[in-house]
$ cat input_28.cif   # mmCIF, C-alpha atoms
data_data
#
loop_
_atom_site.label_atom_id
_atom_site.label_comp_id
_atom_site.auth_asym_id
_atom_site.auth_seq_id
_atom_site.Cartn_x
_atom_site.Cartn_y
_atom_site.Cartn_z
CA MET A 296 4.78 -9.17 -65.51
CA GLY A 297 5.08 -9.60 -61.73
CA ALA A 298 4.11 -6.02 -60.99
CA GLY A 299 1.09 -6.22 -63.25
CA HIS A 300 -0.05 -9.42 -61.60
CA ASP A 301 0.25 -7.94 -58.13
CA HIS A 302 -1.72 -4.87 -59.18
CA ALA A 303 -4.55 -6.93 -60.66
CA GLY A 304 -4.64 -9.21 -57.61
CA GLY A 305 -4.68 -6.17 -55.32
CA THR A 306 -7.62 -4.63 -57.20
CA THR A 307 -9.61 -7.86 -57.02
CA ASN A 308 -8.86 -8.34 -53.30
CA SER A 309 -9.76 -4.72 -52.63
CA ARG A 310 -13.17 -5.11 -54.27
CA ARG A 311 -13.91 -8.31 -52.35
CA LEU A 312 -12.83 -6.76 -49.08
CA MET A 313 -15.07 -3.73 -49.63
CA ILE A 314 -18.16 -5.89 -50.16
CA ALA A 315 -17.35 -8.12 -47.17
CA LEU A 316 -16.72 -5.04 -45.00
CA ALA A 317 -20.07 -3.51 -45.95
CA LEU A 318 -21.95 -6.73 -45.10
CA THR A 319 -20.09 -7.31 -41.83
CA SER A 320 -20.38 -3.73 -40.57
CA THR A 321 -24.11 -3.60 -41.30
CA PHE A 322 -24.82 -6.79 -39.36
CA LEU A 323 -22.45 -5.95 -36.51
CA ILE A 324 -24.71 -3.22 -35.13
CA ALA A 325 -27.73 -5.51 -35.12
CA GLU A 326 -25.81 -8.31 -33.39
CA VAL A 327 -24.50 -6.08 -30.60
CA ILE A 328 -28.00 -4.77 -29.89
CA ALA A 329 -29.41 -8.32 -29.97
CA GLY A 330 -26.73 -9.62 -27.62
CA LEU A 331 -27.58 -6.94 -25.05
CA VAL A 332 -31.33 -7.34 -25.44
CA PHE A 333 -31.27 -11.16 -25.22
CA ASN A 334 -28.50 -11.20 -22.56
CA SER A 335 -26.44 -13.75 -24.51
CA LEU A 336 -22.67 -13.88 -23.91
CA ALA A 337 -22.31 -16.29 -26.81
CA LEU A 338 -24.04 -13.77 -29.07
CA LEU A 339 -21.92 -10.92 -27.71
CA SER A 340 -18.86 -13.11 -28.19
CA ASP A 341 -19.89 -13.64 -31.78
CA ALA A 342 -20.49 -9.89 -32.09
CA ALA A 343 -17.01 -9.22 -30.71
CA HIS A 344 -15.56 -11.49 -33.36
CA MET A 345 -17.75 -9.76 -35.93
CA PHE A 346 -16.22 -6.48 -34.76
CA THR A 347 -12.71 -7.85 -35.23
CA ASP A 348 -13.83 -9.11 -38.65
CA ALA A 349 -14.90 -5.59 -39.58
CA ALA A 350 -11.66 -4.14 -38.19
CA ALA A 351 -9.59 -6.77 -39.98
CA LEU A 352 -11.38 -6.15 -43.27
CA ALA A 353 -10.95 -2.38 -42.94
CA ILE A 354 -7.27 -2.70 -42.06
CA ALA A 355 -6.73 -5.21 -44.86
CA LEU A 356 -8.37 -2.83 -47.31
CA ILE A 357 -6.20 0.08 -46.19
CA ALA A 358 -3.10 -2.14 -46.26
CA ILE A 359 -3.75 -3.20 -49.85
CA ARG A 360 -4.24 0.42 -50.92
CA ILE A 361 -1.04 1.54 -49.19
CA GLY A 362 0.87 -1.60 -50.24
CA ALA A 363 0.08 -0.86 -53.88
CA LYS A 364 2.01 2.42 -53.72
CA PRO A 365 5.24 2.24 -55.78
CA ALA A 366 8.72 2.28 -54.27
CA ASP A 367 10.31 5.68 -53.77
CA GLU A 368 13.70 7.14 -52.85
CA ARG A 369 13.09 6.53 -49.15
CA ARG A 370 11.27 3.18 -49.22
CA THR A 371 13.04 1.31 -51.98
CA PHE A 372 11.04 -1.89 -51.35
CA GLY A 373 7.76 0.01 -51.51
CA TYR A 374 5.02 -0.42 -48.92
CA ARG A 375 4.48 -4.17 -49.26
CA ARG A 376 5.36 -4.85 -45.60
CA PHE A 377 2.49 -2.63 -44.43
CA GLU A 378 0.18 -5.51 -45.29
CA ILE A 379 2.15 -7.77 -42.94
CA LEU A 380 1.97 -5.21 -40.14
CA ALA A 381 -1.80 -5.16 -40.60
CA ALA A 382 -1.95 -8.96 -40.33
CA ALA A 383 0.06 -8.87 -37.09
CA PHE A 384 -2.22 -6.18 -35.66
CA ASN A 385 -5.29 -8.26 -36.52
CA ALA A 386 -3.78 -11.24 -34.70
CA LEU A 387 -3.17 -9.16 -31.56
CA LEU A 388 -6.73 -7.85 -31.75
CA LEU A 389 -8.09 -11.40 -31.91
CA PHE A 390 -5.97 -12.40 -28.91
CA GLY A 391 -7.53 -9.60 -26.86
CA VAL A 392 -11.08 -10.56 -27.81
CA ALA A 393 -10.51 -14.27 -27.12
CA ILE A 394 -9.06 -13.57 -23.66
CA TYR A 395 -11.99 -11.30 -22.76
CA VAL A 396 -14.51 -13.96 -23.83
CA LEU A 397 -12.73 -16.64 -21.78
CA VAL A 398 -12.71 -14.49 -18.63
CA GLU A 399 -16.35 -13.42 -19.00
CA GLY A 400 -17.38 -16.98 -19.84
CA ILE A 401 -15.86 -18.32 -16.62
CA ARG A 402 -17.63 -15.58 -14.64
CA ARG A 403 -20.99 -16.55 -16.15
CA LEU A 404 -20.39 -20.21 -15.44
CA LEU A 405 -20.05 -19.33 -11.79
CA THR A 406 -23.07 -17.01 -11.93
CA PRO A 407 -25.44 -18.18 -14.71
CA GLU A 408 -27.75 -15.58 -16.25
CA THR A 409 -31.05 -15.98 -18.11
CA VAL A 410 -30.74 -16.07 -21.90
CA GLN A 411 -33.49 -15.47 -24.50
CA SER A 412 -32.76 -18.37 -26.82
CA THR A 413 -35.25 -17.57 -29.61
CA GLY A 414 -33.84 -14.16 -30.41
CA MET A 415 -30.33 -15.55 -29.96
CA LEU A 416 -31.09 -18.25 -32.55
CA ILE A 417 -32.54 -15.88 -35.16
CA VAL A 418 -29.60 -13.48 -34.98
CA ALA A 419 -27.05 -16.31 -35.09
CA VAL A 420 -28.64 -17.74 -38.25
CA LEU A 421 -28.50 -14.33 -39.94
CA GLY A 422 -24.87 -13.95 -38.83
CA LEU A 423 -24.02 -17.32 -40.29
CA GLY A 424 -25.37 -16.21 -43.66
CA ILE A 425 -23.24 -13.04 -43.61
CA ASN A 426 -20.15 -15.07 -42.68
CA LEU A 427 -20.66 -17.56 -45.50
CA ILE A 428 -21.00 -14.77 -48.06
CA SER A 429 -17.86 -13.01 -46.75
CA MET A 430 -15.87 -16.27 -46.74
CA ARG A 431 -16.88 -16.90 -50.34
CA LEU A 432 -15.69 -13.42 -51.31
CA LEU A 433 -12.30 -13.75 -49.56
CA ALA A 434 -11.50 -17.38 -50.45
CA GLY A 435 -9.94 -16.46 -53.81
CA GLY A 436 -7.25 -14.20 -52.34
CA LYS A 437 -6.37 -15.90 -49.05
CA ASP A 438 -3.50 -18.02 -50.48
CA LYS A 439 -1.73 -15.07 -52.11
CA SER A 440 -1.98 -12.45 -49.38
CA LEU A 441 -1.28 -12.96 -45.68
CA ASN A 442 -3.38 -9.91 -44.97
CA VAL A 443 -6.42 -11.32 -46.81
CA LYS A 444 -5.73 -14.68 -45.17
CA GLY A 445 -5.93 -13.00 -41.76
CA ALA A 446 -9.29 -11.45 -42.62
CA TYR A 447 -10.49 -14.79 -44.03
CA LEU A 448 -9.46 -16.66 -40.86
CA GLU A 449 -11.33 -14.16 -38.69
CA VAL A 450 -14.48 -14.52 -40.79
CA TRP A 451 -14.05 -18.30 -40.72
CA ALA A 452 -13.70 -18.27 -36.94
CA ASP A 453 -16.78 -16.09 -36.69
CA MET A 454 -18.68 -18.50 -38.95
CA LEU A 455 -17.91 -21.38 -36.61
CA GLY A 456 -18.85 -19.12 -33.74
CA SER A 457 -22.24 -18.52 -35.34
CA LEU A 458 -22.71 -22.27 -35.67
CA GLY A 459 -21.82 -22.66 -31.99
CA VAL A 460 -24.34 -19.98 -31.02
CA ILE A 461 -27.04 -21.71 -33.07
CA VAL A 462 -26.38 -25.03 -31.35
CA GLY A 463 -26.27 -23.34 -27.96
CA ALA A 464 -29.55 -21.51 -28.59
CA LEU A 465 -31.27 -24.75 -29.56
CA VAL A 466 -29.96 -26.56 -26.48
CA ILE A 467 -31.04 -23.72 -24.17
CA ARG A 468 -34.47 -23.58 -25.82
CA PHE A 469 -35.20 -27.28 -25.30
CA THR A 470 -33.41 -27.84 -21.96
CA GLY A 471 -33.45 -24.47 -20.21
CA TRP A 472 -29.77 -24.78 -19.25
CA PRO A 473 -28.36 -21.20 -19.14
CA TRP A 474 -24.78 -22.39 -18.57
CA VAL A 475 -24.68 -23.63 -22.18
CA ASP A 476 -24.31 -19.99 -23.32
CA PRO A 477 -20.93 -19.32 -21.61
CA ILE A 478 -19.73 -22.83 -22.54
CA VAL A 479 -20.28 -21.99 -26.22
CA ALA A 480 -18.54 -18.63 -25.77
CA ILE A 481 -15.52 -20.27 -24.10
CA ALA A 482 -15.35 -22.92 -26.82
CA ILE A 483 -15.26 -20.18 -29.47
CA GLY A 484 -12.42 -18.42 -27.64
CA LEU A 485 -10.38 -21.62 -27.28
CA TRP A 486 -10.90 -22.49 -30.93
CA VAL A 487 -9.73 -19.07 -32.12
CA LEU A 488 -6.53 -18.83 -30.03
CA PRO A 489 -4.32 -21.41 -31.83
CA ARG A 490 -5.31 -20.10 -35.27
CA THR A 491 -4.56 -16.57 -34.15
CA TRP A 492 -1.15 -17.74 -32.96
CA ILE A 493 -0.42 -19.19 -36.42
CA LEU A 494 -1.29 -15.87 -38.08
CA LEU A 495 0.88 -13.92 -35.62
CA ARG A 496 3.75 -16.40 -36.06
CA ASP A 497 3.65 -16.18 -39.86
CA SER A 498 3.48 -12.38 -39.93
CA THR A 499 6.30 -12.12 -37.35
CA ASN A 500 8.49 -14.48 -39.40
CA ILE A 501 8.05 -12.25 -42.43
CA LEU A 502 8.84 -9.09 -40.46
CA LEU A 503 11.99 -10.80 -39.13
CA GLU A 504 12.89 -11.83 -42.71
CA SER A 505 12.94 -15.51 -41.76
CA ALA A 506 13.28 -18.19 -44.42
CA PRO A 507 9.99 -19.36 -45.99
CA ARG A 508 8.23 -22.17 -44.15
CA GLY A 509 9.48 -25.51 -45.49
CA ALA A 510 12.63 -24.02 -47.02
CA VAL A 511 15.88 -25.80 -46.03
CA LEU A 512 18.88 -23.55 -46.52
CA ALA A 513 21.27 -26.50 -46.83
CA ASP A 514 19.23 -27.93 -49.72
CA ILE A 515 19.14 -24.58 -51.49
CA ARG A 516 22.90 -24.21 -51.07
CA THR A 517 23.43 -27.72 -52.45
CA VAL A 518 21.31 -27.04 -55.53
CA MET A 519 23.28 -23.88 -56.24
CA SER A 520 26.69 -25.48 -55.58
CA GLU A 521 25.94 -28.44 -57.87
CA THR A 522 25.15 -26.17 -60.83
CA GLU A 523 27.80 -26.41 -63.53
CA GLY A 524 30.32 -23.58 -63.31
CA VAL A 525 29.79 -22.91 -59.59
CA ALA A 526 32.79 -23.39 -57.31
CA GLY A 527 31.13 -22.14 -54.13
CA VAL A 528 28.27 -20.19 -52.60
CA HIS A 529 28.36 -17.80 -49.65
CA ASP A 530 26.50 -14.84 -48.14
CA LEU A 531 23.27 -16.74 -48.86
CA HIS A 532 20.03 -15.18 -47.63
CA VAL A 533 16.47 -16.40 -48.18
CA TRP A 534 13.45 -14.51 -46.90
CA VAL A 535 9.82 -13.68 -47.58
CA SER A 536 8.84 -10.12 -48.45
CA GLY A 537 5.14 -10.98 -48.61
CA ALA A 538 2.90 -13.99 -48.22
CA ASP A 539 3.38 -14.96 -51.86
CA GLN A 540 6.94 -13.87 -52.69
CA SER A 541 10.13 -15.66 -51.63
CA SER A 542 13.38 -13.78 -52.25
CA LEU A 543 17.03 -14.84 -52.33
CA SER A 544 20.41 -13.13 -52.53
CA ALA A 545 23.82 -14.80 -52.68
CA HIS A 546 27.42 -14.53 -53.84
CA VAL A 547 28.36 -17.20 -56.38
CA PHE A 548 32.07 -18.06 -56.73
CA LEU A 549 32.77 -19.11 -60.33
CA ALA A 550 34.81 -22.12 -61.40
CA PRO A 551 37.85 -21.36 -63.61
CA GLY A 552 36.80 -20.55 -67.18
CA ALA A 553 33.06 -20.41 -66.36
CA ASP A 554 30.92 -17.80 -68.09
CA ALA A 555 29.39 -15.52 -65.44
CA GLU A 556 26.12 -14.82 -67.25
CA ALA A 557 25.57 -18.45 -68.21
CA VAL A 558 26.17 -19.58 -64.61
CA ARG A 559 23.85 -16.92 -63.24
CA LEU A 560 21.04 -17.98 -65.56
CA ALA A 561 21.61 -21.67 -64.77
CA VAL A 562 21.50 -21.08 -61.00
CA ALA A 563 18.35 -18.97 -61.37
CA ALA A 564 16.69 -21.74 -63.41
CA ARG A 565 17.56 -24.40 -60.79
CA LEU A 566 16.20 -22.26 -57.96
CA ARG A 567 13.01 -21.56 -59.90
CA ASP A 568 12.43 -25.21 -60.82
CA ASP A 569 13.51 -26.87 -57.57
CA HIS A 570 12.47 -24.32 -54.93
CA LYS A 571 9.98 -22.00 -56.67
CA ILE A 572 12.17 -18.97 -55.94
CA GLU A 573 12.07 -16.38 -58.73
CA HIS A 574 12.98 -13.10 -57.03
CA LEU A 575 16.79 -13.34 -57.05
CA THR A 576 19.88 -11.21 -56.65
CA LEU A 577 23.02 -13.17 -57.55
CA GLN A 578 26.52 -11.69 -57.46
CA THR A 579 29.10 -13.71 -59.41
CA GLU A 580 32.76 -13.58 -58.37
CA ARG A 581 36.00 -14.89 -59.85
CA GLU A 582 37.91 -14.19 -56.63
CA PRO A 583 36.43 -14.90 -53.19
CA CYS A 584 35.36 -11.65 -51.50
CA GLN A 585 35.92 -10.79 -47.83
CA ASP A 586 32.52 -12.24 -46.87
CA ALA A 587 33.65 -15.65 -48.17
CA ALA A 588 36.77 -15.54 -46.04
CA ILE A 589 34.76 -14.62 -42.95
CA ALA A 590 32.29 -17.45 -43.64
CA HIS A 591 35.10 -20.00 -43.48
CA LEU A 592 36.59 -18.78 -40.20
#
$ encode --input "input_28.cif" --output "structure tokens"
Amino acid sequence: MGAGHDHAGGTTNSRRLMIALALTSTFLIAEVIAGLVFNSLALLSDAAHMFTDAAALAIALIAIRIGAKPADERRTFGYRRFEILAAAFNALLLFGVAIYVLVEGIRRLLTPETVQSTGMLIVAVLGLGINLISMRLLAGGKDKSLNVKGAYLEVWADMLGSLGVIVGALVIRFTGWPWVDPIVAIAIGLWVLPRTWILLRDSTNILLESAPRGAVLADIRTVMSETEGVAGVHDLHVWVSGADQSSLSAHVFLAPGADAEAVRLAVAARLRDDHKIEHLTLQTEREPCQDAAIAHL
């Protein structure tokens, strides 16, 4: 059932990503041209984020296609981690864009340049519409795929960037203050950085096979140890193989007279009910193995 669900979710996400990519890529060209013509750093900043949106969507689409490939003799876990690599790459790409915008924004604050606010406003409004459509398309898959979440966050950041450009264009139009343009660009860069850090942190934690966020190993060990028929637990590992799948492996030392299969099923049920962990590998033992002895040294 799990494999079928993942396949269906991957197909749906793939379709949504394709539509969002087509919309974003089409508008990207127009926004770059407009930013150069109207001499707007805020618009070029938004275009840069639009570019990372397009790159993120393309990478996410490729990652889903590759991640859907079945496990083989060489890659026994399949290609699921490729999606996480793509999310990490997108985060690094966003970092680069944000730093560039901050540096260029400071330069323009020191040396203000004339900005054509009317054209800037029209393009920003059109960009906002594209962002809202893309966000709507990606919202359904962002909680089940870190890769889609990364693409969604980039589109979301770009949407707020479009709003900032609109506000900046209106202010420039009615006040004539050219320094508003780099201020908006810098604000966009500062807003994006912490969210990019969160994406990079989450993808890195998965690549390092860290425990899921919020999971307390001591609590998990207690739940397992308190299950009837369990005399001890050791060699316990909890990790995340994807944004939506927590995994666990452990050695379970059986109490005298306990039925191994009954204990295994009981422990699995407790972990599923109490900690939402369903992907399990439990090894039951009637005599402590060498790993147990080492754990107590």
$ residues_around --input "input_28.cif" --residues "Val392 (chain A)" --least-positions-apart "4" --cutoff "7 Å" --atoms "only C-alpha atoms" --output "ChimeraX atom specification"
/A:343,388,396
$ atom_distance --input "input_28.cif" --atom1 "CA of Ala464 (chain A)" --atom2 "CA of Thr413 (chain A)"
7.0 Å
$ atom_distance --input "input_28.cif" --atom1 "CA of Ala563 (chain A)" --atom2 "CA of Leu503 (chain A)"
24.5 Å
$ residues_around --input "input_28.cif" --residues "region 504-515 of chain A" --least-positions-apart "3" --cutoff "12 Å" --atoms "only C-alpha atoms" --output "MDAnalysis selection string"
chainID A and resid 376 379 493 496:501 518:522 528:545 562:563 565:572
$ residues_around --input "input_28.cif" --residues "Glu523 (chain A)" --least-positions-apart "5" --cutoff "10 Å" --atoms "all atoms listed in the file" --output "PyMOL selection string"
chain A and resi 549-550+553+557-558+561-562
$ atom_distance --input "input_28.cif" --atom1 "CA of Gly330 (chain A)" --atom2 "CA of Asp453 (chain A)"
14.9 Å
$ closest_residue --input "input_28.cif" --among "A:Leu448, A:Leu488, A:Ile401, A:Ala419" --to "Ala325 (chain A)" --atoms "all atoms listed in the file"
A:Ala419
$ resolve_selection --input "input_28.cif" --expression "the PyMOL selection byres ((chain A and resi 475) around 12)" --output "number ranges by chain"
A: 335-337, 400-401, 403-404, 407-410, 412, 459-474, 476-482
$ axis_aligned_box --input "input_28.cif" --around "region 448-464 of chain A" --padding-each-side "6 Å" --output "lines of an AutoDock Vina configuration file"
center_x = -19.5
center_y = -19.6
center_z = -34.4
size_x = 32.1
size_y = 22.9
size_z = 24.9
$ closest_atom_pairs --input "input_28.cif" --of "region 326-361 of chain A" --to "region 308-312 of chain A" --cutoff "7 Å" --atoms "only C-alpha atoms" --output "CSV"
residue,atom,partner,partner_atom,distance
A:Leu352,CA,A:Leu312,CA,6.0
A:Leu356,CA,A:Ser309,CA,5.8
A:Ile359,CA,A:Ser309,CA,6.8
$ write_last_selection --input "input_28.cif" --atoms "C-alpha atoms" --output "CSV table (one decimal), in the frame of the given file"
chain,number,residue,atom,x,y,z
A,352,LEU,CA,-11.4,-6.2,-43.3
A,356,LEU,CA,-8.4,-2.8,-47.3
A,359,ILE,CA,-3.8,-3.2,-49.8
$ closest_residue --input "input_28.cif" --among "A:Met313, A:Leu416, A:Leu331, A:Leu485" --to "Arg360 (chain A)" --atoms "all atoms listed in the file"
A:Met313
$ closest_residue --input "input_28.cif" --among "A:Leu575, A:Gly484, A:Asp341, A:Arg490" --to "Met454 (chain A)" --atoms "all atoms listed in the file"
A:Asp341
$ decode --input "input_28.cif" --residues "region 438-553 of chain A" --atoms "C-alpha atoms" --output "tab-separated table (two decimals), in the first residue's frame"
chain	number	residue	atom	x	y	z
A	438	ASP	CA	3.84	18.60	3.47
A	439	LYS	CA	4.70	15.19	2.02
A	440	SER	CA	7.82	15.99	0.03
A	441	LEU	CA	10.78	18.08	1.19
A	442	ASN	CA	11.66	18.63	-2.44
A	443	VAL	CA	8.22	20.04	-3.29
A	444	LYS	CA	8.34	22.02	-0.05
A	445	GLY	CA	11.60	23.61	-1.20
A	446	ALA	CA	10.03	24.61	-4.51
A	447	TYR	CA	6.94	25.90	-2.69
A	448	LEU	CA	9.04	28.01	-0.31
A	449	GLU	CA	10.92	29.56	-3.22
A	450	VAL	CA	7.68	30.44	-5.00
A	451	TRP	CA	6.29	31.78	-1.72
A	452	ALA	CA	9.38	33.93	-1.19
A	453	ASP	CA	9.08	35.19	-4.75
A	454	MET	CA	5.40	36.00	-4.16
A	455	LEU	CA	6.30	38.18	-1.19
A	456	GLY	CA	9.06	39.67	-3.30
A	457	SER	CA	6.50	40.62	-5.95
A	458	LEU	CA	4.40	42.29	-3.26
A	459	GLY	CA	7.47	44.19	-2.09
A	460	VAL	CA	8.21	45.34	-5.65
A	461	ILE	CA	4.61	46.52	-6.05
A	462	VAL	CA	4.80	48.56	-2.86
A	463	GLY	CA	8.20	49.93	-3.84
A	464	ALA	CA	6.98	50.91	-7.31
A	465	LEU	CA	4.01	52.76	-5.83
A	466	VAL	CA	6.21	54.62	-3.33
A	467	ILE	CA	8.71	55.60	-6.04
A	468	ARG	CA	5.90	56.73	-8.34
A	469	PHE	CA	4.35	59.08	-5.78
A	470	THR	CA	7.52	60.26	-3.96
A	471	GLY	CA	10.31	60.00	-6.52
A	472	TRP	CA	12.64	58.32	-4.00
A	473	PRO	CA	14.94	55.98	-6.01
A	474	TRP	CA	16.54	54.50	-2.87
A	475	VAL	CA	13.26	52.67	-2.14
A	476	ASP	CA	14.14	50.19	-4.93
A	477	PRO	CA	17.33	48.79	-3.30
A	478	ILE	CA	15.64	48.88	0.13
A	479	VAL	CA	12.92	46.56	-1.19
A	480	ALA	CA	15.55	44.30	-2.79
A	481	ILE	CA	17.53	44.07	0.46
A	482	ALA	CA	14.37	43.34	2.44
A	483	ILE	CA	13.55	40.47	0.06
A	484	GLY	CA	17.06	39.05	0.52
A	485	LEU	CA	16.90	39.27	4.32
A	486	TRP	CA	13.47	37.66	4.37
A	487	VAL	CA	14.59	34.72	2.23
A	488	LEU	CA	17.80	33.86	4.14
A	489	PRO	CA	16.33	32.35	7.36
A	490	ARG	CA	13.79	30.26	5.41
A	491	THR	CA	16.54	29.02	3.14
A	492	TRP	CA	18.54	28.04	6.21
A	493	ILE	CA	15.59	25.97	7.49
A	494	LEU	CA	15.35	24.11	4.18
A	495	LEU	CA	19.10	23.43	4.14
A	496	ARG	CA	19.03	22.31	7.79
A	497	ASP	CA	16.15	19.88	7.21
A	498	SER	CA	17.67	18.37	4.08
A	499	THR	CA	21.09	18.05	5.77
A	500	ASN	CA	19.51	16.31	8.78
A	501	ILE	CA	17.95	13.75	6.46
A	502	LEU	CA	21.21	13.16	4.59
A	503	LEU	CA	22.96	12.66	7.96
A	504	GLU	CA	20.18	10.23	9.00
A	505	SER	CA	19.34	12.34	12.04
A	506	ALA	CA	16.27	11.55	14.15
A	507	PRO	CA	13.02	13.20	12.98
A	508	ARG	CA	12.39	16.68	14.34
A	509	GLY	CA	10.49	16.40	17.63
A	510	ALA	CA	11.44	12.76	18.18
A	511	VAL	CA	12.94	12.01	21.62
A	512	LEU	CA	14.95	8.80	21.57
A	513	ALA	CA	14.54	8.27	25.32
A	514	ASP	CA	10.75	8.37	24.99
A	515	ILE	CA	10.80	5.91	22.11
A	516	ARG	CA	13.05	3.57	24.08
A	517	THR	CA	10.70	3.81	27.08
A	518	VAL	CA	7.63	2.97	25.00
A	519	MET	CA	9.39	-0.08	23.59
A	520	SER	CA	10.79	-1.23	26.96
A	521	GLU	CA	7.39	-0.95	28.67
A	522	THR	CA	5.73	-3.25	26.13
A	523	GLU	CA	4.79	-6.60	27.65
A	524	GLY	CA	7.37	-9.28	26.91
A	525	VAL	CA	10.28	-6.85	26.40
A	526	ALA	CA	13.22	-7.18	28.77
A	527	GLY	CA	15.44	-4.60	27.07
A	528	VAL	CA	16.13	-2.58	23.94
A	529	HIS	CA	19.48	-1.77	22.35
A	530	ASP	CA	21.06	-0.83	19.02
A	531	LEU	CA	18.17	1.61	18.54
A	532	HIS	CA	18.28	3.86	15.48
A	533	VAL	CA	15.66	6.34	14.28
A	534	TRP	CA	16.05	8.33	11.09
A	535	VAL	CA	14.19	9.94	8.21
A	536	SER	CA	14.61	8.54	4.70
A	537	GLY	CA	12.38	11.21	3.16
A	538	ALA	CA	10.32	14.17	4.27
A	539	ASP	CA	7.33	11.96	5.01
A	540	GLN	CA	8.83	8.65	6.18
A	541	SER	CA	10.36	7.99	9.61
A	542	SER	CA	12.22	4.70	9.99
A	543	LEU	CA	13.40	2.70	13.00
A	544	SER	CA	15.57	-0.34	13.63
A	545	ALA	CA	16.33	-1.97	16.98
A	546	HIS	CA	17.24	-5.17	18.81
A	547	VAL	CA	14.56	-6.27	21.27
A	548	PHE	CA	15.66	-8.56	24.14
A	549	LEU	CA	12.75	-10.86	25.07
A	550	ALA	CA	11.58	-11.61	28.60
A	551	PRO	CA	11.64	-15.31	29.60
A	552	GLY	CA	8.75	-17.22	28.01
A	553	ALA	CA	7.69	-14.32	25.74
